[in-house]
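Source file upload_22.txt; content: compact mmCIF, C-alpha atoms.
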```
# COMPACT_ATOMS: atom_id res chain seq x y z
CA MET A 203 -65.20 -42.16 47.30
CA ILE A 204 -62.87 -45.15 47.56
CA SER A 205 -62.64 -46.29 51.14
CA SER A 206 -59.29 -46.81 52.84
CA LEU A 207 -57.21 -45.85 49.82
CA ALA A 208 -55.87 -42.42 50.55
CA ARG A 209 -53.28 -41.68 53.19
CA ASP A 210 -52.59 -37.99 53.68
CA PRO A 211 -54.20 -36.46 50.56
CA TYR A 212 -51.58 -33.73 50.34
CA GLN A 213 -48.82 -36.32 50.35
CA GLU A 214 -50.62 -38.43 47.75
CA LEU A 215 -50.78 -35.45 45.40
CA GLY A 216 -47.29 -34.24 46.27
CA VAL A 217 -48.41 -30.76 47.32
CA SER A 218 -48.07 -28.73 50.48
CA ARG A 219 -50.93 -27.98 52.82
CA THR A 220 -50.79 -24.36 51.68
CA ALA A 221 -51.10 -25.30 47.99
CA SER A 222 -53.55 -23.27 45.95
CA ALA A 223 -56.58 -24.76 44.22
CA ASP A 224 -54.81 -24.47 40.89
CA GLU A 225 -51.72 -26.25 42.20
CA ILE A 226 -53.85 -29.08 43.54
CA ARG A 227 -55.71 -29.39 40.24
CA LYS A 228 -52.46 -29.45 38.23
CA ALA A 229 -50.92 -32.07 40.52
CA PHE A 230 -53.97 -34.30 40.18
CA ARG A 231 -54.09 -33.95 36.40
CA LYS A 232 -50.44 -34.94 36.11
CA LEU A 233 -50.67 -37.96 38.40
CA ALA A 234 -54.01 -39.14 37.00
CA LYS A 235 -52.69 -39.01 33.47
CA GLU A 236 -49.52 -40.90 34.40
CA ASN A 237 -51.37 -43.64 36.29
CA HIS A 238 -54.70 -43.94 34.47
CA PRO A 239 -55.49 -47.58 33.57
CA ASP A 240 -56.09 -46.62 29.95
CA THR A 241 -52.49 -45.43 29.82
CA ASN A 242 -51.21 -48.44 31.79
CA PRO A 243 -53.31 -51.44 30.75
CA GLY A 244 -52.83 -54.38 33.08
CA ASN A 245 -50.63 -52.43 35.50
CA LYS A 246 -52.23 -53.03 38.89
CA ALA A 247 -49.77 -50.78 40.70
CA ALA A 248 -50.66 -47.86 38.44
CA GLU A 249 -54.35 -48.59 38.89
CA GLU A 250 -54.01 -48.53 42.67
CA ARG A 251 -52.02 -45.33 42.48
CA PHE A 252 -54.72 -43.80 40.30
CA LYS A 253 -57.36 -44.75 42.87
CA ARG A 254 -55.36 -43.17 45.68
CA VAL A 255 -54.74 -39.85 43.93
CA SER A 256 -58.40 -39.76 42.88
CA ALA A 257 -59.46 -40.31 46.49
CA ALA A 258 -57.00 -37.64 47.62
CA PHE A 259 -58.40 -35.15 45.14
CA ASP A 260 -61.89 -36.07 46.31
CA ILE A 261 -60.88 -34.62 49.70
CA VAL A 262 -58.67 -31.60 48.98
CA GLY A 263 -60.23 -30.86 45.62
CA ASP A 264 -63.43 -29.88 47.36
CA ALA A 265 -63.34 -26.62 49.29
CA GLU A 266 -65.66 -27.73 52.10
CA LYS A 267 -64.04 -31.14 52.57
CA ARG A 268 -60.58 -29.62 52.52
CA LYS A 269 -61.61 -27.19 55.24
CA LYS A 270 -62.98 -30.03 57.36
CA PHE A 271 -59.90 -32.19 56.78
CA ASP A 272 -57.55 -29.38 57.73
CA ALA A 273 -59.61 -28.80 60.87
CA GLY A 274 -59.44 -32.52 61.76
CA GLU A 275 -63.18 -32.99 61.37
CA ILE A 276 -62.83 -35.73 58.71
CA ASP A 277 -60.09 -38.23 57.97
CA ALA A 278 -58.26 -38.98 54.71
CA ASP A 279 -61.18 -41.16 53.58
CA GLY A 280 -63.71 -38.40 54.20
CA ARG A 281 -65.14 -40.03 57.31
CA GLU A 282 -66.17 -37.81 60.16
CA ARG A 283 -64.04 -38.11 63.25
CA PHE A 284 -66.00 -39.04 66.39
CA SER A 285 -64.72 -39.31 69.91
CA GLY A 286 -66.99 -42.27 70.43
CA GLY A 287 -70.55 -43.52 70.02
CA PRO A 288 -72.55 -46.63 69.31
CA TRP A 289 -70.78 -47.23 66.01
CA GLY A 290 -67.28 -46.69 67.24
CA PRO A 291 -64.67 -44.15 66.23
CA GLY A 292 -64.96 -42.93 62.66
CA GLN A 293 -68.19 -44.84 62.00
CA GLY A 294 -71.70 -43.56 61.33
CA PRO A 295 -75.07 -45.00 60.51
CA GLY A 296 -74.29 -44.93 56.80
CA GLY A 297 -71.22 -47.10 57.24
CA PHE A 298 -68.83 -44.28 56.32
CA GLY A 299 -68.89 -41.49 58.82
CA GLY A 300 -72.67 -41.09 58.92
CA GLN A 301 -72.95 -40.11 55.26
CA GLY A 302 -75.81 -42.39 54.41
CA GLY A 303 -73.78 -45.04 52.60
CA ARG A 304 -72.34 -42.68 50.01
CA GLY A 305 -69.02 -44.51 50.16
CA GLY A 306 -70.20 -47.35 47.91
CA GLY A 307 -69.01 -45.81 44.63
CA PHE A 308 -66.73 -43.21 43.10
CA ARG A 309 -68.14 -39.71 43.51
CA THR A 310 -67.21 -36.61 41.54
CA GLU A 311 -67.16 -33.51 43.69
CA SER A 312 -66.87 -29.86 42.75
CA TYR A 313 -64.17 -27.53 44.05
CA GLU A 314 -64.85 -23.92 43.08
CA GLY A 315 -66.24 -24.99 39.71
CA VAL A 316 -63.67 -27.80 39.19
CA ASP A 317 -65.28 -31.18 38.65
CA LEU A 318 -63.27 -34.38 38.97
CA GLY A 319 -65.33 -36.08 36.27
CA ASP A 320 -64.79 -33.17 33.91
CA ILE A 321 -61.04 -33.28 34.49
CA LEU A 322 -60.88 -36.98 33.65
CA GLY A 323 -63.14 -36.42 30.67
CA GLU A 324 -60.79 -33.73 29.35
CA MET A 325 -57.78 -36.00 29.67
CA PHE A 326 -59.21 -39.26 28.40
CA GLY A 327 -62.22 -38.32 26.30
CA GLY A 328 -64.64 -40.29 28.47
CA GLY A 329 -68.28 -39.34 28.80
CA ARG A 330 -70.06 -39.09 32.13
CA GLN A 331 -72.66 -41.56 33.22
CA GLY A 332 -74.50 -41.40 36.48
CA GLY A 333 -72.28 -38.61 37.78
CA ARG A 334 -69.12 -40.72 37.47
CA PRO A 335 -66.12 -39.81 35.34
CA GLY A 336 -65.93 -41.76 32.11
CA GLY A 337 -68.98 -43.84 33.05
CA MET A 338 -67.07 -45.72 35.75
CA GLY A 339 -70.29 -47.26 36.96
CA GLY A 340 -69.59 -47.45 40.68
CA GLY A 341 -66.15 -49.03 40.37
CA PHE A 342 -62.93 -48.95 38.39
CA GLY A 343 -63.64 -51.83 36.03
CA GLY A 344 -64.67 -49.72 33.00
CA PHE A 345 -62.47 -46.67 32.54
CA SER A 346 -62.65 -46.31 28.76
CA GLN A 347 -66.13 -45.56 27.47
CA ARG A 348 -65.04 -43.77 24.30
CA GLY A 349 -64.17 -45.85 21.26
CA ALA A 350 -60.63 -46.10 19.91
CA ASP A 351 -59.32 -43.62 17.36
CA VAL A 352 -58.42 -44.89 13.90
CA ARG A 353 -55.78 -43.62 11.50
CA ALA A 354 -55.48 -43.75 7.75
CA LYS A 355 -53.50 -42.14 4.92
CA ILE A 356 -54.81 -40.77 1.65
CA GLU A 357 -53.01 -39.60 -1.48
CA ILE A 358 -54.36 -36.62 -3.39
CA ASP A 359 -53.38 -34.77 -6.56
CA LEU A 360 -51.66 -31.40 -6.41
CA GLU A 361 -54.68 -29.71 -7.95
CA ASP A 362 -56.93 -31.05 -5.16
CA ALA A 363 -54.44 -29.83 -2.55
CA ILE A 364 -54.65 -26.34 -4.06
CA LYS A 365 -58.36 -26.11 -4.75
CA GLY A 366 -59.81 -28.61 -2.27
CA GLY A 367 -62.26 -31.32 -3.16
CA LYS A 368 -63.91 -34.56 -2.10
CA GLN A 369 -62.23 -37.92 -1.63
CA ARG A 370 -63.65 -41.28 -0.59
CA ILE A 371 -61.69 -43.36 1.87
CA ALA A 372 -62.31 -46.94 2.99
CA PHE A 373 -61.51 -48.22 6.49
CA SER A 374 -60.45 -51.73 7.42
CA ASP A 375 -63.82 -52.37 9.07
CA GLY A 376 -65.55 -52.03 5.70
CA ARG A 377 -66.83 -48.48 6.15
CA ALA A 378 -66.31 -45.94 3.38
CA ILE A 379 -66.85 -42.24 3.87
CA ASP A 380 -66.38 -39.08 1.82
CA ILE A 381 -63.97 -36.57 3.28
CA THR A 382 -63.52 -32.93 2.36
CA ILE A 383 -60.02 -31.88 1.35
CA PRO A 384 -59.60 -28.26 2.44
CA LYS A 385 -58.18 -25.64 0.11
CA GLY A 386 -54.46 -25.31 0.66
CA ALA A 387 -54.03 -28.82 2.06
CA GLN A 388 -50.39 -29.54 2.90
CA ASP A 389 -48.34 -32.70 2.47
CA GLY A 390 -48.27 -34.46 5.84
CA GLN A 391 -51.30 -32.56 7.18
CA THR A 392 -53.69 -34.59 9.34
CA LEU A 393 -57.44 -34.17 9.20
CA ARG A 394 -59.56 -35.08 12.23
CA LEU A 395 -62.96 -36.61 11.56
CA LYS A 396 -64.81 -36.43 14.85
CA GLY A 397 -66.88 -39.48 15.74
CA GLN A 398 -65.66 -41.56 12.78
CA GLY A 399 -63.48 -43.92 14.84
CA GLN A 400 -64.42 -47.19 16.49
CA GLN A 401 -67.65 -47.32 18.43
CA GLY A 402 -67.31 -47.30 22.22
CA ARG A 403 -69.76 -47.89 25.03
CA SER A 404 -70.64 -44.22 25.30
CA ALA A 405 -69.25 -42.55 22.17
CA PRO A 406 -67.18 -43.37 19.09
CA GLY A 407 -63.57 -42.34 18.74
CA ASP A 408 -62.21 -40.08 16.01
CA ALA A 409 -60.56 -40.79 12.66
CA PHE A 410 -57.27 -39.11 11.79
CA ILE A 411 -56.48 -38.92 8.07
CA GLU A 412 -52.96 -38.02 6.96
CA ILE A 413 -52.69 -36.31 3.58
CA ALA A 414 -49.94 -37.16 1.11
CA ILE A 415 -49.64 -35.18 -2.14
CA ARG A 416 -48.70 -37.28 -5.15
CA PRO A 417 -45.63 -36.22 -7.17
CA HIS A 418 -46.75 -34.23 -10.22
CA PRO A 419 -45.35 -34.91 -13.70
CA VAL A 420 -45.08 -31.17 -14.50
CA PHE A 421 -45.00 -29.12 -11.30
CA ARG A 422 -42.56 -29.36 -8.43
CA GLN A 423 -42.27 -27.52 -5.16
CA GLU A 424 -39.16 -25.48 -4.40
CA GLY A 425 -39.48 -23.90 -1.00
CA GLY A 426 -42.85 -22.23 -0.93
CA ALA A 427 -43.01 -21.76 -4.71
CA LEU A 428 -44.31 -23.96 -7.48
CA VAL A 429 -41.96 -24.42 -10.43
CA MET A 430 -42.26 -26.01 -13.88
CA ASP A 431 -39.98 -26.38 -16.89
CA VAL A 432 -41.25 -24.91 -20.15
CA PRO A 433 -39.44 -25.94 -23.35
CA VAL A 434 -38.95 -23.18 -25.97
CA THR A 435 -37.46 -23.34 -29.45
CA PHE A 436 -34.14 -21.84 -30.39
CA TYR A 437 -35.96 -19.36 -32.59
CA ASP A 438 -38.31 -18.14 -29.84
CA ALA A 439 -35.37 -17.87 -27.46
CA VAL A 440 -33.47 -15.66 -29.92
CA LEU A 441 -36.35 -13.68 -31.40
CA GLY A 442 -38.94 -13.84 -28.62
CA GLY A 443 -42.36 -15.37 -29.06
CA LYS A 444 -45.48 -16.90 -27.53
CA VAL A 445 -45.67 -20.37 -26.01
CA GLU A 446 -48.46 -22.27 -24.30
CA ALA A 447 -47.76 -23.51 -20.76
CA PRO A 448 -49.79 -25.55 -18.27
CA THR A 449 -50.88 -24.32 -14.83
CA PRO A 450 -52.93 -26.02 -12.09
CA ASP A 451 -55.84 -23.88 -13.34
CA GLY A 452 -55.46 -24.74 -17.02
CA PRO A 453 -53.16 -23.68 -19.90
CA VAL A 454 -52.00 -20.07 -20.37
CA THR A 455 -49.95 -18.25 -23.00
CA LEU A 456 -46.49 -17.03 -21.99
CA THR A 457 -44.51 -14.28 -23.68
CA VAL A 458 -40.87 -15.31 -24.14
CA PRO A 459 -38.60 -12.26 -24.22
CA LYS A 460 -35.91 -11.87 -26.90
CA GLY A 461 -32.58 -13.41 -26.03
CA ALA A 462 -34.03 -15.74 -23.39
CA ASN A 463 -31.70 -18.40 -22.01
CA SER A 464 -32.30 -21.79 -20.46
CA GLY A 465 -32.88 -21.23 -16.78
CA SER A 466 -34.63 -17.89 -17.21
CA ARG A 467 -37.78 -17.71 -15.11
CA LEU A 468 -41.12 -16.14 -15.86
CA ARG A 469 -43.43 -15.43 -12.94
CA LEU A 470 -47.12 -16.31 -13.04
CA LYS A 471 -48.63 -14.49 -10.09
CA GLY A 472 -51.29 -16.30 -8.05
CA ARG A 473 -51.01 -19.55 -10.02
CA GLY A 474 -49.00 -21.52 -7.48
CA LEU A 475 -49.58 -23.32 -4.20
CA ALA A 476 -52.24 -22.30 -1.69
CA ASP A 477 -51.70 -21.79 2.02
CA GLY A 478 -54.00 -23.00 4.77
CA LYS A 479 -56.30 -20.02 4.21
CA GLY A 480 -56.57 -20.64 0.47
CA HIS A 481 -54.29 -17.75 -0.56
CA ARG A 482 -52.38 -18.62 -3.72
CA GLY A 483 -48.65 -18.19 -4.19
CA ASP A 484 -46.79 -17.85 -7.48
CA LEU A 485 -45.87 -20.28 -10.23
CA PHE A 486 -42.50 -19.92 -11.96
CA ALA A 487 -41.92 -21.08 -15.52
CA ARG A 488 -38.28 -22.07 -16.03
CA LEU A 489 -37.40 -21.79 -19.71
CA VAL A 490 -35.47 -24.64 -21.34
CA VAL A 491 -34.13 -23.92 -24.84
CA VAL A 492 -34.50 -27.01 -27.05
CA LEU A 493 -32.82 -27.46 -30.45
CA PRO A 494 -34.55 -29.19 -33.39
CA ASP A 495 -34.61 -33.00 -33.27
CA SER A 496 -33.28 -33.36 -36.82
CA PRO A 497 -30.13 -31.64 -38.17
CA ASP A 498 -30.72 -28.24 -39.79
CA ALA A 499 -28.04 -27.35 -42.35
CA ALA A 500 -28.91 -23.66 -42.40
CA LEU A 501 -28.87 -23.43 -38.62
CA GLU A 502 -25.53 -25.23 -38.48
CA ALA A 503 -24.05 -22.84 -41.09
CA PHE A 504 -25.33 -19.86 -39.11
CA ALA A 505 -23.83 -21.28 -35.93
CA GLU A 506 -20.47 -21.82 -37.62
CA GLU A 507 -20.47 -18.25 -38.89
CA GLN A 508 -21.46 -16.75 -35.53
CA ARG A 509 -18.92 -18.85 -33.62
CA ALA A 510 -16.17 -17.49 -35.84
CA LYS A 511 -17.37 -13.88 -35.73
CA ARG A 512 -18.77 -13.58 -32.20
CA PRO A 513 -17.25 -16.14 -29.85
CA TYR A 514 -18.36 -15.93 -26.22
CA ASP A 515 -17.78 -17.82 -22.98
CA PRO A 516 -21.09 -18.94 -21.38
CA LYS A 517 -19.31 -19.54 -18.05
CA ARG A 518 -18.82 -15.78 -17.68
CA ARG A 519 -22.49 -14.92 -18.00
```

Take the structure in this file and express it as structure tokens.
Amino acid sequence: MISSLARDPYQELGVSRTASADEIRKAFRKLAKENHPDTNPGNKAAEERFKRVSAAFDIVGDAEKRKKFDAGEIDADGRERFSGGPWGPGQGPGGFGGQGGRGGGFRTESYEGVDLGDILGEMFGGGRQGGRPGGMGGGFGGFSQRGADVRAKIEIDLEDAIKGGKQRIAFSDGRAIDITIPKGAQDGQTLRLKGQGQQGRSAPGDAFIEIAIRPHPVFRQEGGALVMDVPVTFYDAVLGGKVEAPTPDGPVTLTVPKGANSGSRLRLKGRGLADGKGHRGDLFARLVVVLPDSPDAALEAFAEEQRAKRPYDPKRR
């Protein structure tokens, strides 16, 4: 308990005297998070405010103490109220209301299963040492026991995003670790590597790795589908035929239907992108009709003949 910090604990927490246990807990969590020294480094006013709300919660966050405070048996610092005696009003043989000197450090008390140290640990990731939240060590000089988190970015190939795999990443401190890319990894997804951050006094922080998928020379993403362009000859487009096409899983043979046009799409089921559960979507092959590189006299003569006999307007298709 911090002596002589709290005024009326209900006022410090901004709650009424009839507030429920849950309301008191929520009020403390909000104020502690706003004023915690780790959130406000060097801000003495915030640190003092944090001490006061912690001391207030130490009183009304404990069922027995709250009952005594409401009955006027203890004051806002947790000291027993005496009408008089050899130590004077409000004093006991322990120096703080006869409690055997327990006021020398910050205590964590339990209120119906709610522990002040656990609450602070949840919010700030601190361990507990000696019964004090975050290893405070009898004072407020060492709030952060957990090491700092680190962040990094890694680029992966589309195939690794679909199938998963292993990648090695190097940190600025010289460490290099292998990370597992999950199946169905998404561009912009962040992986959390617990305990791979900077070392702290009680525990290391975490590493957060952002995934970026490299642009692919063949495949592109359109919405949730994977699309590629597949060139076909004029002859296969007119007569139909077989062409080889790439997929993330290796080459396959496509059947080009007769009379295929540029822009026609063939669907390859289950050959596309994967979702977070590893389920594969579809790959679409967009046909692109390509004429011969060198002039073909026979083809030109055929085209001249067909243009004269069977003219058509492609805009109307």

Nearest candidate to Ala462 in chain A (options A:Lys479, A:Arg227, A:Arg488, A:Arg353; using all atoms listed in the file):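 Ranking A:Lys479, A:Arg227, A:Arg488, A:Arg353 by distance to Ala462 in chain A, first place goes to A:Arg488.
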
Near-Phe271 in chain A list (8 Å; all atoms listed in the file; drop same-chain fewer than 6 positions) as a PyMOL selection string: chain A and resi 261-262+277-278+280

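Here CA of Ile379 in chain A is placed at a distance of 11.7 Å from CA of Ile411 in chain A.
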
Top pick for closest residue to Thr392 in chain A, considering A:Ile413, A:Ala234, A:Leu475, A:Val454 and counting only C-alpha atoms: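 Comparing A:Ile413, A:Ala234, A:Leu475, A:Val454 against Thr392 in chain A, the winner is A:Ile413.
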
Sphere at (-41.4, -27.5, -24.8), radius 10 Å, counting all atoms listed in the file: residues as a VMD selection string: chain A and resid 431 to 435 445 to 447 489 to 492

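Shell of Gln401 in chain A at 12 Å, with only C-alpha atoms counted and residues fewer than 6 places along the chain excluded, is Ser346, Gln347, Arg348, Gly349, Ala350, Asp351, Val352, Asp375, Gly407, Asp408 and Ala409 of chain A.
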
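Using only C-alpha atoms for every distance, the candidate list A:Ala265, A:Ala487, A:Leu428, A:Ala414 yields A:Ala265 as the residue closest to Ser222 in chain A.
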
Shell around range 208-213 of chain A at 9 Å using only C-alpha atoms, local window under 2 positions removed, as a list in words: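 After dropping sequence-adjacent residues, the list is Ile204, Ser205, Ser206, Leu215, Gly216, Val217, Ser218, Arg219, Ala221, Ile226, Lys253, Arg254, Val255, Ser256, Ala257, Ala258, Phe259, Asp260, Ile261, Val262, Asp277, Ala278 and Asp279 of chain A.
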
Separation of CA of Gln398 in chain A from CA of Arg377 in chain A, in Å and rounded to one decimal: 9.7 Å

Length of the CA of Glu361 in chain A to CA of Gly480 in chain A vector [Å]: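 Straight-line distance from CA of Glu361 in chain A to CA of Gly480 in chain A works out to 12.5 Å.
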
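In terms of minimum interatomic distance to Arg268 in chain A, A:Ala223 ranks closest within A:Val440, A:Ala223, A:Ala499, A:Ile364, counting all atoms listed in the file.
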
Enclose all atoms of range 456-464 of chain A listed in the file in an axis-aligned box, grow every side by 8 Å, and hand back centre and edge lengths in Å to one decimal, as JSON.
```
{"center_x": -39.1, "center_y": -16.8, "center_z": -23.7, "size_x": 30.8, "size_y": 25.9, "size_z": 22.4}
```

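Residue nearest Lys460 in chain A within the list A:Leu441, A:Leu395, A:Leu485, A:Ala503: A:Leu441 [criterion: smallest interatomic distance, all atoms listed in the file].
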